[in-house]
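A.B. asks: To be precise about what I am sending: the file is called data11.cif and holds mmCIF, C-alpha atoms and all ligand atoms.
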```cif
data_target
#
loop_
_atom_site.label_atom_id
_atom_site.label_comp_id
_atom_site.auth_asym_id
_atom_site.auth_seq_id
_atom_site.Cartn_x
_atom_site.Cartn_y
_atom_site.Cartn_z
CA MET W 1 26.40 -8.01 -3.39
CA THR W 2 23.68 -8.53 -0.84
CA LEU W 3 20.62 -10.51 -1.70
CA SER W 4 17.44 -8.80 -0.55
CA LEU W 5 13.79 -8.63 -1.51
CA SER W 6 12.28 -5.48 -3.02
CA GLY W 7 9.36 -3.72 -1.36
CA GLU W 8 7.03 -4.94 -4.10
CA GLU W 9 8.16 -8.51 -3.58
CA LEU W 10 7.58 -8.22 0.15
CA VAL W 11 4.06 -6.84 -0.33
CA SER W 12 3.20 -9.64 -2.78
CA ARG W 13 4.48 -12.17 -0.28
CA ALA W 14 2.46 -10.57 2.51
CA ARG W 15 -0.73 -10.92 0.44
CA ALA W 16 -0.04 -14.63 -0.03
CA ASP W 17 0.73 -14.99 3.70
CA LEU W 18 -2.61 -13.46 4.64
CA ARG W 19 -4.47 -15.81 2.32
CA ILE W 20 -2.90 -18.92 3.89
CA GLY W 21 -3.48 -17.68 7.44
CA ALA W 22 0.16 -16.88 8.18
CA PRO W 23 0.84 -13.84 10.36
CA ILE W 24 2.69 -10.85 8.92
CA ALA W 25 4.54 -8.10 10.81
CA LEU W 26 3.95 -4.37 10.31
CA VAL W 27 6.06 -1.54 11.70
CA GLY W 28 5.65 2.22 11.67
CA ALA W 29 8.28 4.63 10.39
CA GLY W 30 10.94 6.41 12.47
CA ASP W 31 12.05 6.34 16.10
CA GLY W 32 9.50 5.35 18.70
CA ALA W 33 7.29 3.69 16.09
CA ALA W 34 4.79 1.01 16.98
CA GLY W 35 4.64 -2.50 15.58
CA ALA W 36 2.02 -5.19 15.08
CA LEU W 37 1.52 -8.80 14.15
CA VAL W 38 -1.45 -9.24 11.82
CA MET W 39 -3.66 -12.05 10.55
CA ALA W 40 -6.58 -11.76 8.14
CA ALA W 41 -9.82 -12.29 10.08
CA GLU W 42 -11.07 -14.85 7.62
CA THR W 43 -7.99 -17.08 7.81
CA ALA W 44 -7.28 -16.69 11.55
CA SER W 45 -7.32 -20.04 13.37
CA ASP W 46 -8.00 -20.74 17.05
CA ALA W 47 -4.41 -21.93 17.46
CA ARG W 48 -2.93 -18.73 16.00
CA LEU W 49 -5.24 -16.57 18.11
CA ALA W 50 -3.92 -18.42 21.18
CA ASP W 51 -0.32 -17.90 19.98
CA PHE W 52 -0.93 -14.16 19.60
CA ARG W 53 -2.47 -13.95 23.08
CA ALA W 54 0.44 -15.85 24.62
CA LEU W 55 2.82 -13.16 23.31
CA ALA W 56 0.99 -10.67 25.58
CA PRO W 57 0.67 -7.76 23.14
CA ASP W 58 -0.02 -4.24 24.44
CA ALA W 59 -3.34 -4.27 22.58
CA PHE W 60 -5.18 -7.12 20.88
CA ASP W 61 -7.95 -6.05 18.51
CA LEU W 62 -10.08 -6.92 15.54
CA ALA W 63 -9.77 -4.10 12.98
CA ILE W 64 -12.93 -3.63 10.88
CA THR W 65 -14.08 -0.93 8.48
CA HIS W 66 -16.27 1.90 9.76
CA HIS W 67 -19.08 0.54 7.56
CA ARG W 68 -19.00 -2.71 9.49
CA ALA W 69 -18.71 -0.85 12.79
CA THR W 70 -21.87 1.09 11.99
CA THR W 71 -23.83 -2.12 11.41
CA LEU W 72 -22.51 -3.51 14.70
CA LYS W 73 -23.35 -0.26 16.50
CA ALA W 74 -19.71 -0.03 17.56
CA ARG W 75 -18.07 3.41 17.85
CA ALA W 76 -15.39 4.00 15.22
CA TYR W 77 -12.76 6.34 16.68
CA ASP W 78 -10.29 5.93 13.83
CA GLY W 79 -11.98 7.49 10.81
CA THR W 80 -12.42 4.74 8.27
CA LEU W 81 -11.92 1.90 10.74
CA ALA W 82 -12.69 0.72 14.23
CA ARG W 83 -10.64 -1.40 16.63
CA ILE W 84 -12.76 -3.86 18.58
CA ALA W 85 -10.95 -5.12 21.67
CA LEU W 86 -10.84 -8.93 21.41
CA PRO W 87 -12.54 -10.52 24.45
CA ALA W 88 -10.33 -13.03 26.27
CA ASP W 89 -12.45 -15.95 25.04
CA ALA W 90 -12.88 -14.78 21.43
CA ASP W 91 -12.19 -17.64 19.02
CA ALA W 92 -12.01 -17.82 15.22
CA ALA W 93 -15.79 -18.26 14.97
CA TRP W 94 -16.30 -15.10 17.06
CA VAL W 95 -13.89 -13.21 14.81
CA MET W 96 -15.73 -14.26 11.65
CA ALA W 97 -19.19 -13.61 13.07
CA THR W 98 -18.05 -10.11 13.99
CA ALA W 99 -16.25 -9.42 10.73
CA ASP W 100 -18.56 -10.86 8.08
CA PRO W 101 -21.88 -9.07 7.44
CA SER W 102 -23.17 -11.92 5.29
CA LEU W 103 -23.27 -14.10 8.44
CA ASP W 104 -25.49 -11.68 10.38
CA LEU W 105 -28.70 -13.62 9.78
CA ALA W 106 -27.05 -16.81 11.05
CA THR W 107 -25.62 -15.13 14.18
CA PRO W 108 -28.00 -12.28 14.98
CA LEU W 109 -27.24 -11.73 18.67
CA LYS W 110 -23.90 -9.94 18.87
CA GLY W 111 -22.26 -7.27 20.96
CA PRO W 112 -22.15 -4.85 22.61
CA TYR W 113 -18.64 -4.15 21.41
CA ALA W 114 -15.92 -2.18 23.18
CA THR W 115 -13.89 -0.23 20.65
CA ARG W 116 -10.45 1.15 21.39
CA ARG W 117 -9.77 4.85 21.37
CA GLU W 118 -6.22 5.26 22.70
CA GLY W 119 -3.10 4.53 20.66
CA GLY W 120 -2.62 4.87 16.92
CA ALA W 121 -4.46 3.00 14.19
CA GLU W 122 -2.01 3.48 11.33
CA LEU W 123 -0.94 -0.17 11.28
CA HIS W 124 -4.56 -1.32 11.55
CA ALA W 125 -5.41 0.73 8.46
CA LEU W 126 -2.47 -0.85 6.67
CA ALA W 127 -3.71 -4.30 7.67
CA LEU W 128 -7.11 -3.59 6.11
CA VAL W 129 -5.51 -2.35 2.89
CA LEU W 130 -3.51 -5.58 2.64
CA THR W 131 -6.50 -7.87 3.34
CA LYS W 132 -8.40 -6.11 0.56
CA GLN W 133 -5.48 -6.50 -1.83
CA ALA W 134 -5.46 -10.20 -0.92
CA ARG W 135 -9.15 -10.35 -2.02
CA LEU W 136 -10.15 -11.23 1.55
CA LEU W 137 -12.77 -9.61 3.74
CA PRO W 138 -11.41 -6.26 4.99
CA ALA W 139 -10.98 -7.30 8.61
CA ALA W 140 -7.80 -8.19 10.50
CA VAL W 141 -6.70 -9.51 13.87
CA VAL W 142 -4.02 -7.11 15.10
CA ALA W 143 -1.70 -7.68 18.07
CA ALA W 144 0.00 -4.33 18.66
CA TRP W 145 3.12 -3.33 20.59
CA ALA W 146 4.16 0.20 21.43
CA ASP W 147 7.70 -0.51 20.27
CA ALA W 148 8.50 -1.75 16.79
CA GLU W 149 11.64 -3.52 18.05
CA THR W 150 9.62 -6.23 19.80
CA VAL W 151 7.79 -6.91 16.55
CA ARG W 152 10.99 -6.91 14.49
CA ARG W 153 12.44 -9.49 16.90
CA LEU W 154 9.32 -11.69 16.79
CA ALA W 155 9.21 -11.47 12.98
CA ALA W 156 12.88 -12.38 12.60
CA GLY W 157 12.49 -15.31 15.00
CA ALA W 158 9.52 -16.77 13.13
CA GLY W 159 10.58 -15.80 9.60
CA LEU W 160 7.53 -13.57 9.11
CA THR W 161 7.19 -11.08 6.26
CA LEU W 162 7.94 -7.63 7.71
CA LEU W 163 6.52 -4.49 6.09
CA SER W 164 6.47 -0.80 6.85
CA ALA W 165 3.78 1.66 5.77
CA ASP W 166 6.01 3.35 3.20
CA ILE W 167 6.81 0.03 1.52
CA VAL W 168 3.09 -0.69 1.04
CA GLU W 169 2.41 2.84 -0.25
CA ASP W 170 5.32 2.75 -2.69
CA ALA W 171 4.25 -0.65 -4.01
CA ALA W 172 0.69 0.60 -4.60
CA ALA W 173 1.97 3.64 -6.49
CA ALA W 174 4.49 1.68 -8.58
CA THR W 175 3.94 1.36 -12.31
CA ILE W 176 2.32 -1.95 -13.14
CA ARG W 177 4.35 -4.13 -15.44
CA LEU W 178 2.67 -6.98 -17.28
CA ARG W 179 4.48 -9.27 -19.66
CA GLU W 180 3.07 -11.51 -22.33
CA ILE W 181 3.93 -15.03 -21.20
CA SER W 182 2.44 -17.04 -24.03
CA GLY W 183 -0.06 -16.84 -26.84
CA ALA W 184 -1.57 -19.11 -29.45
CA ARG W 185 -4.25 -19.42 -32.09
CA VAL W 186 -7.72 -20.23 -30.70
CA PRO W 187 -10.55 -20.38 -33.21
CA THR W 188 -13.89 -19.65 -31.51
CA ARG W 189 -17.54 -19.87 -32.47
CA PHE W 190 -17.35 -16.14 -33.05
CA SER W 191 -14.29 -16.07 -35.29
CA GLU W 192 -11.78 -18.59 -36.53
CA ALA W 193 -9.11 -15.90 -36.56
CA GLY W 194 -8.65 -15.70 -32.79
CA ARG W 195 -5.48 -15.57 -30.70
CA VAL W 196 -5.32 -15.74 -26.91
CA HIS W 197 -2.43 -13.92 -25.21
CA VAL W 198 -1.71 -14.44 -21.51
CA PHE W 199 -0.30 -11.49 -19.56
CA ARG W 200 1.27 -11.85 -16.13
CA PRO W 201 1.89 -8.94 -13.77
CA ASP W 202 5.25 -8.74 -12.02
CA ASP W 203 3.59 -8.59 -8.61
CA GLY W 204 2.33 -12.17 -8.83
CA ALA W 205 -1.32 -11.09 -8.81
CA GLU W 206 -3.90 -12.50 -11.23
CA GLU W 207 -3.04 -13.07 -14.89
CA HIS W 208 -5.20 -11.37 -17.51
CA TYR W 209 -5.98 -12.42 -21.07
CA ALA W 210 -6.24 -10.64 -24.40
CA ILE W 211 -8.31 -12.24 -27.14
CA GLU W 212 -7.17 -10.75 -30.42
CA ILE W 213 -9.39 -11.27 -33.41
CA GLY W 214 -8.06 -10.80 -36.93
CA GLN W 215 -5.11 -8.47 -37.36
CA PRO W 216 -6.09 -5.11 -35.91
CA ALA W 217 -3.88 -2.28 -37.16
CA ARG W 218 -1.66 -0.77 -34.46
CA ASP W 219 -1.72 2.73 -35.93
CA GLU W 220 -5.46 3.33 -35.70
CA PRO W 221 -8.05 3.05 -32.89
CA VAL W 222 -8.78 -0.62 -32.25
CA LEU W 223 -12.30 -1.88 -31.53
CA ALA W 224 -11.83 -3.02 -27.93
CA ARG W 225 -13.80 -4.41 -25.03
CA LEU W 226 -12.49 -4.36 -21.46
CA HIS W 227 -14.38 -7.20 -19.82
CA SER W 228 -14.16 -7.94 -16.10
CA ALA W 229 -14.37 -11.58 -15.11
CA CYS W 230 -17.74 -12.71 -13.87
CA PHE W 231 -17.73 -16.43 -13.15
CA THR W 232 -21.46 -16.42 -12.49
CA GLY W 233 -22.42 -14.47 -15.61
CA ASP W 234 -19.73 -15.63 -18.05
CA VAL W 235 -19.54 -19.32 -17.18
CA ILE W 236 -22.76 -20.55 -15.57
CA GLY W 237 -25.19 -18.17 -17.24
CA SER W 238 -26.33 -16.29 -14.14
CA LEU W 239 -29.24 -13.94 -14.78
CA LYS W 240 -28.29 -11.61 -11.93
CA CYS W 241 -26.12 -9.45 -14.18
CA ASP W 242 -25.55 -8.71 -17.86
CA CYS W 243 -21.96 -9.96 -18.11
CA GLY W 244 -22.50 -13.20 -20.06
CA PRO W 245 -24.52 -11.59 -22.88
CA GLN W 246 -22.11 -8.62 -22.92
CA LEU W 247 -19.16 -10.96 -23.36
CA ALA W 248 -20.83 -12.81 -26.22
CA ALA W 249 -22.08 -9.61 -27.88
CA ALA W 250 -18.65 -8.01 -27.71
CA MET W 251 -16.97 -11.08 -29.23
CA ASP W 252 -19.65 -11.16 -31.91
CA GLU W 253 -19.26 -7.49 -32.76
CA ILE W 254 -15.48 -7.70 -32.95
CA ALA W 255 -15.75 -10.82 -35.12
CA THR W 256 -18.24 -9.09 -37.44
CA ALA W 257 -15.91 -6.09 -37.72
CA GLY W 258 -13.15 -8.56 -38.60
CA ALA W 259 -10.58 -7.18 -36.16
CA GLY W 260 -10.35 -6.08 -32.56
CA VAL W 261 -9.37 -7.12 -29.09
CA LEU W 262 -11.25 -8.27 -25.99
CA LEU W 263 -9.38 -7.99 -22.72
CA TYR W 264 -10.56 -10.54 -20.18
CA MET W 265 -9.52 -9.05 -16.87
CA ASN W 266 -9.49 -11.39 -13.88
CA GLN W 267 -10.99 -8.77 -11.62
CA GLU W 268 -13.96 -10.84 -10.49
CA GLY W 269 -16.77 -9.00 -8.75
CA ARG W 270 -15.41 -5.55 -9.67
CA GLY W 271 -12.12 -6.48 -8.04
CA ILE W 272 -13.35 -7.95 -4.74
CA GLY W 273 -12.99 -11.61 -5.76
CA LEU W 274 -15.63 -14.30 -6.08
CA ALA W 275 -15.77 -15.17 -2.36
CA ASN W 276 -16.58 -11.57 -1.47
CA LYS W 277 -18.98 -11.26 -4.42
CA MET W 278 -20.97 -14.20 -3.07
CA ARG W 279 -21.01 -12.44 0.33
CA ALA W 280 -22.37 -9.41 -1.51
CA TYR W 281 -25.00 -11.59 -3.19
CA SER W 282 -26.14 -12.91 0.23
CA LEU W 283 -26.58 -9.32 1.33
CA GLN W 284 -28.47 -8.58 -1.88
CA ASP W 285 -30.82 -11.45 -1.02
CA GLN W 286 -31.47 -9.56 2.22
CA GLY W 287 -32.55 -6.49 0.27
CA TYR W 288 -29.40 -4.41 -0.26
CA ASP W 289 -28.51 -3.24 -3.75
CA THR W 290 -25.18 -4.01 -5.44
CA VAL W 291 -23.49 -0.81 -4.21
CA GLU W 292 -24.87 -1.01 -0.65
CA ALA W 293 -23.76 -4.64 -0.40
CA ASN W 294 -20.18 -3.72 -1.36
CA HIS W 295 -20.16 -0.92 1.21
CA ARG W 296 -21.54 -3.11 3.96
CA LEU W 297 -18.70 -5.54 3.34
CA GLY W 298 -16.23 -2.66 3.62
CA PHE W 299 -15.41 -2.22 -0.08
CA GLU W 300 -15.77 0.72 -2.43
CA ASP W 301 -18.39 0.47 -5.21
CA ASP W 302 -15.64 -0.56 -7.58
CA GLU W 303 -12.23 -1.91 -6.54
CA ARG W 304 -10.96 -2.60 -10.06
CA ASP W 305 -7.68 -1.18 -11.29
CA PHE W 306 -8.37 -0.14 -14.88
CA ARG W 307 -4.71 0.82 -15.38
CA LEU W 308 -4.05 -2.88 -16.00
CA GLY W 309 -6.17 -2.97 -19.15
CA ALA W 310 -4.44 0.10 -20.53
CA ALA W 311 -1.04 -1.44 -19.74
CA ILE W 312 -1.92 -4.58 -21.73
CA LEU W 313 -3.15 -2.58 -24.72
CA LYS W 314 0.06 -0.57 -24.75
CA GLU W 315 2.13 -3.74 -24.41
CA MET W 316 0.31 -5.05 -27.51
CA GLY W 317 1.16 -1.87 -29.40
CA PHE W 318 -2.22 -0.11 -29.28
CA THR W 319 -2.46 3.55 -28.30
CA ALA W 320 -6.08 4.34 -29.17
CA VAL W 321 -9.37 2.44 -28.85
CA ARG W 322 -12.98 2.45 -29.92
CA LEU W 323 -14.14 1.27 -26.51
CA MET W 324 -17.25 -0.88 -26.15
CA THR W 325 -18.67 0.20 -22.80
CA ASN W 326 -21.46 1.97 -20.97
CA ASN W 327 -19.14 2.88 -18.09
CA PRO W 328 -17.73 6.44 -18.22
CA GLY W 329 -15.25 5.47 -15.48
CA LYS W 330 -13.51 3.09 -17.87
CA ILE W 331 -13.16 5.82 -20.48
CA ALA W 332 -11.68 8.25 -17.96
CA MET W 333 -9.19 5.68 -16.66
CA MET W 334 -8.11 4.68 -20.18
CA GLU W 335 -7.39 8.30 -21.04
CA ALA W 336 -5.60 8.85 -17.71
CA SER W 337 -3.45 5.78 -18.43
CA GLY W 338 -2.40 7.05 -21.83
CA VAL W 339 -4.76 5.14 -24.14
CA HIS W 340 -6.89 7.51 -26.19
CA VAL W 341 -10.62 6.66 -26.44
CA ALA W 342 -11.45 7.80 -29.97
CA GLU W 343 -15.06 6.63 -29.69
CA ARG W 344 -17.44 4.98 -27.24
CA VAL W 345 -19.35 2.04 -28.70
CA PRO W 346 -22.43 1.29 -26.55
CA LEU W 347 -23.03 -2.31 -25.47
CA ARG W 348 -26.60 -2.91 -24.38
CA VAL W 349 -27.64 -6.53 -24.16
CA GLY W 350 -28.85 -9.10 -21.68
CA ARG W 351 -31.58 -7.26 -19.85
CA ASN W 352 -33.91 -9.63 -17.95
CA ARG W 353 -36.30 -9.50 -15.01
CA HIS W 354 -33.63 -10.68 -12.54
CA ASN W 355 -31.12 -7.98 -13.38
CA ALA W 356 -33.42 -5.01 -14.00
CA ASP W 357 -32.76 -3.59 -10.51
CA TYR W 358 -29.02 -4.27 -10.82
CA LEU W 359 -28.86 -2.34 -14.11
CA ALA W 360 -30.97 0.48 -12.70
CA THR W 361 -28.60 0.77 -9.72
CA LYS W 362 -25.59 0.93 -12.06
CA ALA W 363 -27.25 3.80 -13.92
CA ALA W 364 -28.36 5.62 -10.77
CA LYS W 365 -25.29 5.13 -8.56
CA SER W 366 -22.35 4.25 -10.79
CA GLY W 367 -23.03 6.68 -13.62
CA HIS W 368 -23.55 4.00 -16.27
CA LEU W 369 -25.00 5.19 -19.55
CA LEU W 370 -28.07 3.14 -20.36
N1 LIG W 401 -19.25 -6.69 -6.26
C1 LIG W 401 -20.13 -7.02 -7.21
N2 LIG W 401 -19.67 -7.26 -8.46
C2 LIG W 401 -20.56 -7.57 -9.40
C3 LIG W 401 -21.93 -7.68 -9.14
N3 LIG W 401 -22.55 -8.02 -10.29
C4 LIG W 401 -21.59 -8.10 -11.23
N4 LIG W 401 -20.38 -7.83 -10.70
C5 LIG W 401 -19.08 -7.74 -11.35
O1 LIG W 401 -19.05 -6.54 -12.10
C6 LIG W 401 -18.13 -6.66 -13.15
C7 LIG W 401 -18.78 -6.16 -14.41
O2 LIG W 401 -18.96 -4.81 -14.24
P1 LIG W 401 -20.17 -3.98 -14.84
O3 LIG W 401 -20.33 -2.82 -13.94
O4 LIG W 401 -21.34 -4.85 -15.14
O5 LIG W 401 -19.74 -3.51 -16.20
P2 LIG W 401 -18.57 -2.60 -16.51
O6 LIG W 401 -17.65 -3.62 -17.06
O7 LIG W 401 -18.10 -1.74 -15.40
O8 LIG W 401 -19.16 -1.57 -17.54
P3 LIG W 401 -19.54 -1.86 -19.01
O9 LIG W 401 -18.27 -1.70 -19.78
O10 LIG W 401 -20.53 -0.84 -19.37
O11 LIG W 401 -20.10 -3.25 -19.07
C8 LIG W 401 -17.70 -8.10 -13.19
O12 LIG W 401 -16.42 -8.21 -12.58
C9 LIG W 401 -18.74 -8.82 -12.33
O13 LIG W 401 -18.21 -9.95 -11.65
C10 LIG W 401 -22.38 -7.42 -7.82
O14 LIG W 401 -23.56 -7.45 -7.51
N5 LIG W 401 -21.44 -7.11 -6.88
ZN ZN W 402 -21.72 -10.47 -13.95
#
```
Hey, can you dump this file as structure tokens for me?

C.D. replies:
Amino acid sequence: MTLSLSGEELVSRARADLRIGAPIALVGAGDGAAGALVMAAETASDARLADFRALAPDAFDLAITHHRATTLKARAYDGTLARIALPADADAAWVMATADPSLDLATPLKGPYATRREGGAELHALALVLTKQARLLPAAVVAAWADAETVRRLAAGAGLTLLSADIVEDAAAATIRLREISGARVPTRFSEAGRVHVFRPDDGAEEHYAIEIGQPARDEPVLARLHSACFTGDVIGSLKCDCGPQLAAAMDEIATAGAGVLLYMNQEGRGIGLANKMRAYSLQDQGYDTVEANHRLGFEDDERDFRLGAAILKEMGFTAVRLMTNNPGKIAMMEASGVHVAERVPLRVGRNRHNADYLATKAAKSGHLL
């Protein structure tokens, strides 16, 4: 028997590496493939940048999304991304100022930037996918070599996580498995008959919670709310969104009905994480709406994976829901994931003068039913 890590385990480890500022190694498929050492832009240190330079890579670039390149007036030759050649004196502060749009007011004078055209960008694209999955800014420092062997050797010598494109793709397409780890009775101000169940995904990503109220029957559609974490709205009462009142109203409605389930999904900021959401808020303070701010940072409007909620419901024995939502996307994803939406229950609460524009943008751009 040989002990080896699965592709999914390697990808999970790579995400953790990127968050702590450790380099990872990426290689292309087949003979003559290229290789690269990668660090997330936001965790790259001066010392590591110097280490990368000392290895004399064939190309040393900062990979950014084409959205970011547009703002920087840098030519993007690689479709959805651009490779900015790192100047010889570029330090970690330079990398962040170039990568992070929310810092633009603080560091207005930047560029011009030379973007790379020759060579492939497959590994750069992979690096951006992984930084996003790690809930970091989609920007990566990439030291590339024309031959994968050099990178394999460097990775083996330093004990770096080594990934190939197919491993990352397979891991993303794999069925998500979540297990209930623990659960206990938690009476709340909404209902004394509450139970909290904690679900943990096998890939080591965030845990999600199910709050079950009463004893909902498994053989009929359950009154359910799929709530995405919003630290600002849920915990500190932010008026910028409608999440806090929606959470309370959903709990209240389920409690009044006597039975149902609220899934609390730790997909903060529509899946971009709180750090990136606060970057988005800074951009919103500069006049961009919620969707534009996400795009400027290099994210899609919505980066949540709604399959997770469906997986938890199925794990709990539910196959059909009466879903409390105004978001048609959630209904479509539930159905696609094998949980039938027998009815949509509208949830309209928490409108105030601070979030009027935010709600209008959701209706206009994200198809929300108001
Ligand atoms: N990126 C980003 N996320 C936000 C912003 N405001 C709120 N969020 C997040 O959006 C999520 C809530 O999503 P909503 O679109 O309000 O609601 P929904 O859950 O999709 O739809 P409903 O079921 O109708 O409420 C939470 O994860 C919040 O943290 C914002 O301006 N930018
Ligand atoms: Zn919110």

A.B. asks: Would you work out the distance separating CA of Ala56 in chain W from CA of Gly111 in chain W, expressed in Å to one decimal?

C.D. replies: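 Those two atoms sit 23.9 Å apart.
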
A.B. asks: Pick out the residues sitting within 6 Å of Arg270 in chain W, and hand them over as a VMD selection string; count all atoms listed in the file, and ignore anything fewer than 2 positions along from it in its own chain.

C.D. replies: chain W and resid 267 to 268 272 302 to 304

A.B. asks: Kindly assemble as a tab-separated table a list of the chain W residues that lie within 8 Å of ligand ZN 402 (chain W), each paired with its nearest atom pair and their distance in Å to one decimal, using all atoms listed in the file, sorted first by chain and then by ascending residue number.

C.D. replies:
```
residue	atom	partner	partner_atom	distance
W:Ala229	CA	W:ZN402	ZN	7.5
W:Cys230	CA	W:ZN402	ZN	4.6
W:Phe231	CA	W:ZN402	ZN	7.2
W:Thr232	CA	W:ZN402	ZN	6.1
W:Gly233	CA	W:ZN402	ZN	4.4
W:Asp234	CA	W:ZN402	ZN	6.9
W:Ser238	CA	W:ZN402	ZN	7.4
W:Lys240	CA	W:ZN402	ZN	7.0
W:Cys241	CA	W:ZN402	ZN	4.5
W:Asp242	CA	W:ZN402	ZN	5.7
W:Cys243	CA	W:ZN402	ZN	4.2
W:Gly244	CA	W:ZN402	ZN	6.7
W:Gly269	CA	W:ZN402	ZN	7.3
```

A.B. asks: Pick from W:Leu263, W:Ala106, W:Ala144, W:Ala16: nearest to Leu247 in chain W, with only C-alpha atoms counted?

C.D. replies: W:Leu263

A.B. asks: Which residues, written as a VMD selection string, have at least one atom at most 12 Å from Tyr288 in chain W, with all atoms listed in the file counted and residues fewer than 3 positions away on the same chain left out?

C.D. replies: chain W and resid 101 to 102 279 to 285 291 to 297 357 to 358 361

A.B. asks: Produce a file of the selected residues containing C-alpha atoms, as a PDB file, in the frame of the given file.

C.D. replies:
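Contents of selection.pdb, freshly written:
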```pdb
ATOM      1  CA  PRO W 101     -21.880  -9.070   7.440  1.00  0.00           C
ATOM      2  CA  SER W 102     -23.170 -11.920   5.290  1.00  0.00           C
ATOM      3  CA  ARG W 279     -21.010 -12.440   0.330  1.00  0.00           C
ATOM      4  CA  ALA W 280     -22.370  -9.410  -1.510  1.00  0.00           C
ATOM      5  CA  TYR W 281     -25.000 -11.590  -3.190  1.00  0.00           C
ATOM      6  CA  SER W 282     -26.140 -12.910   0.230  1.00  0.00           C
ATOM      7  CA  LEU W 283     -26.580  -9.320   1.330  1.00  0.00           C
ATOM      8  CA  GLN W 284     -28.470  -8.580  -1.880  1.00  0.00           C
ATOM      9  CA  ASP W 285     -30.820 -11.450  -1.020  1.00  0.00           C
ATOM     10  CA  VAL W 291     -23.490  -0.810  -4.210  1.00  0.00           C
ATOM     11  CA  GLU W 292     -24.870  -1.010  -0.650  1.00  0.00           C
ATOM     12  CA  ALA W 293     -23.760  -4.640  -0.400  1.00  0.00           C
ATOM     13  CA  ASN W 294     -20.180  -3.720  -1.360  1.00  0.00           C
ATOM     14  CA  HIS W 295     -20.160  -0.920   1.210  1.00  0.00           C
ATOM     15  CA  ARG W 296     -21.540  -3.110   3.960  1.00  0.00           C
ATOM     16  CA  LEU W 297     -18.700  -5.540   3.340  1.00  0.00           C
ATOM     17  CA  ASP W 357     -32.760  -3.590 -10.510  1.00  0.00           C
ATOM     18  CA  TYR W 358     -29.020  -4.270 -10.820  1.00  0.00           C
ATOM     19  CA  THR W 361     -28.600   0.770  -9.720  1.00  0.00           C
TER      20      THR W 361
END
```

A.B. asks: What's around Phe306 in chain W at 12 Å? Count all atoms listed in the file, leave out sequence neighbours fewer than 2 positions away in its own chain, and write the answer as JSON, numbers by chain.

C.D. replies: {"W": [176, 208, 226, 227, 228, 263, 264, 265, 266, 267, 270, 271, 302, 303, 304, 308, 309, 310, 311, 312, 313, 327, 328, 329, 330, 331, 332, 333, 334, 335, 336, 337, 338, 339]}

A.B. asks: Residues of the last selection are to be written out with C-alpha atoms, as a PDB file, keeping the file's coordinate frame.

C.D. replies:
```pdb
ATOM      1  CA  ILE W 176       2.320  -1.950 -13.140  1.00  0.00           C
ATOM      2  CA  HIS W 208      -5.200 -11.370 -17.510  1.00  0.00           C
ATOM      3  CA  LEU W 226     -12.490  -4.360 -21.460  1.00  0.00           C
ATOM      4  CA  HIS W 227     -14.380  -7.200 -19.820  1.00  0.00           C
ATOM      5  CA  SER W 228     -14.160  -7.940 -16.100  1.00  0.00           C
ATOM      6  CA  LEU W 263      -9.380  -7.990 -22.720  1.00  0.00           C
ATOM      7  CA  TYR W 264     -10.560 -10.540 -20.180  1.00  0.00           C
ATOM      8  CA  MET W 265      -9.520  -9.050 -16.870  1.00  0.00           C
ATOM      9  CA  ASN W 266      -9.490 -11.390 -13.880  1.00  0.00           C
ATOM     10  CA  GLN W 267     -10.990  -8.770 -11.620  1.00  0.00           C
ATOM     11  CA  ARG W 270     -15.410  -5.550  -9.670  1.00  0.00           C
ATOM     12  CA  GLY W 271     -12.120  -6.480  -8.040  1.00  0.00           C
ATOM     13  CA  ASP W 302     -15.640  -0.560  -7.580  1.00  0.00           C
ATOM     14  CA  GLU W 303     -12.230  -1.910  -6.540  1.00  0.00           C
ATOM     15  CA  ARG W 304     -10.960  -2.600 -10.060  1.00  0.00           C
ATOM     16  CA  LEU W 308      -4.050  -2.880 -16.000  1.00  0.00           C
ATOM     17  CA  GLY W 309      -6.170  -2.970 -19.150  1.00  0.00           C
ATOM     18  CA  ALA W 310      -4.440   0.100 -20.530  1.00  0.00           C
ATOM     19  CA  ALA W 311      -1.040  -1.440 -19.740  1.00  0.00           C
ATOM     20  CA  ILE W 312      -1.920  -4.580 -21.730  1.00  0.00           C
ATOM     21  CA  LEU W 313      -3.150  -2.580 -24.720  1.00  0.00           C
ATOM     22  CA  ASN W 327     -19.140   2.880 -18.090  1.00  0.00           C
ATOM     23  CA  PRO W 328     -17.730   6.440 -18.220  1.00  0.00           C
ATOM     24  CA  GLY W 329     -15.250   5.470 -15.480  1.00  0.00           C
ATOM     25  CA  LYS W 330     -13.510   3.090 -17.870  1.00  0.00           C
ATOM     26  CA  ILE W 331     -13.160   5.820 -20.480  1.00  0.00           C
ATOM     27  CA  ALA W 332     -11.680   8.250 -17.960  1.00  0.00           C
ATOM     28  CA  MET W 333      -9.190   5.680 -16.660  1.00  0.00           C
ATOM     29  CA  MET W 334      -8.110   4.680 -20.180  1.00  0.00           C
ATOM     30  CA  GLU W 335      -7.390   8.300 -21.040  1.00  0.00           C
ATOM     31  CA  ALA W 336      -5.600   8.850 -17.710  1.00  0.00           C
ATOM     32  CA  SER W 337      -3.450   5.780 -18.430  1.00  0.00           C
ATOM     33  CA  GLY W 338      -2.400   7.050 -21.830  1.00  0.00           C
ATOM     34  CA  VAL W 339      -4.760   5.140 -24.140  1.00  0.00           C
TER      35      VAL W 339
END
```

A.B. asks: Put the listed atoms of ligand LIG 401 (chain W) in a box along x, y and z with 8 Å added on every side and give me the centre and edge lengths in Å to one decimal, as JSON.

C.D. replies:
```
{"center_x": -20.0, "center_y": -5.4, "center_z": -13.0, "size_x": 23.1, "size_y": 25.1, "size_z": 29.5}
```
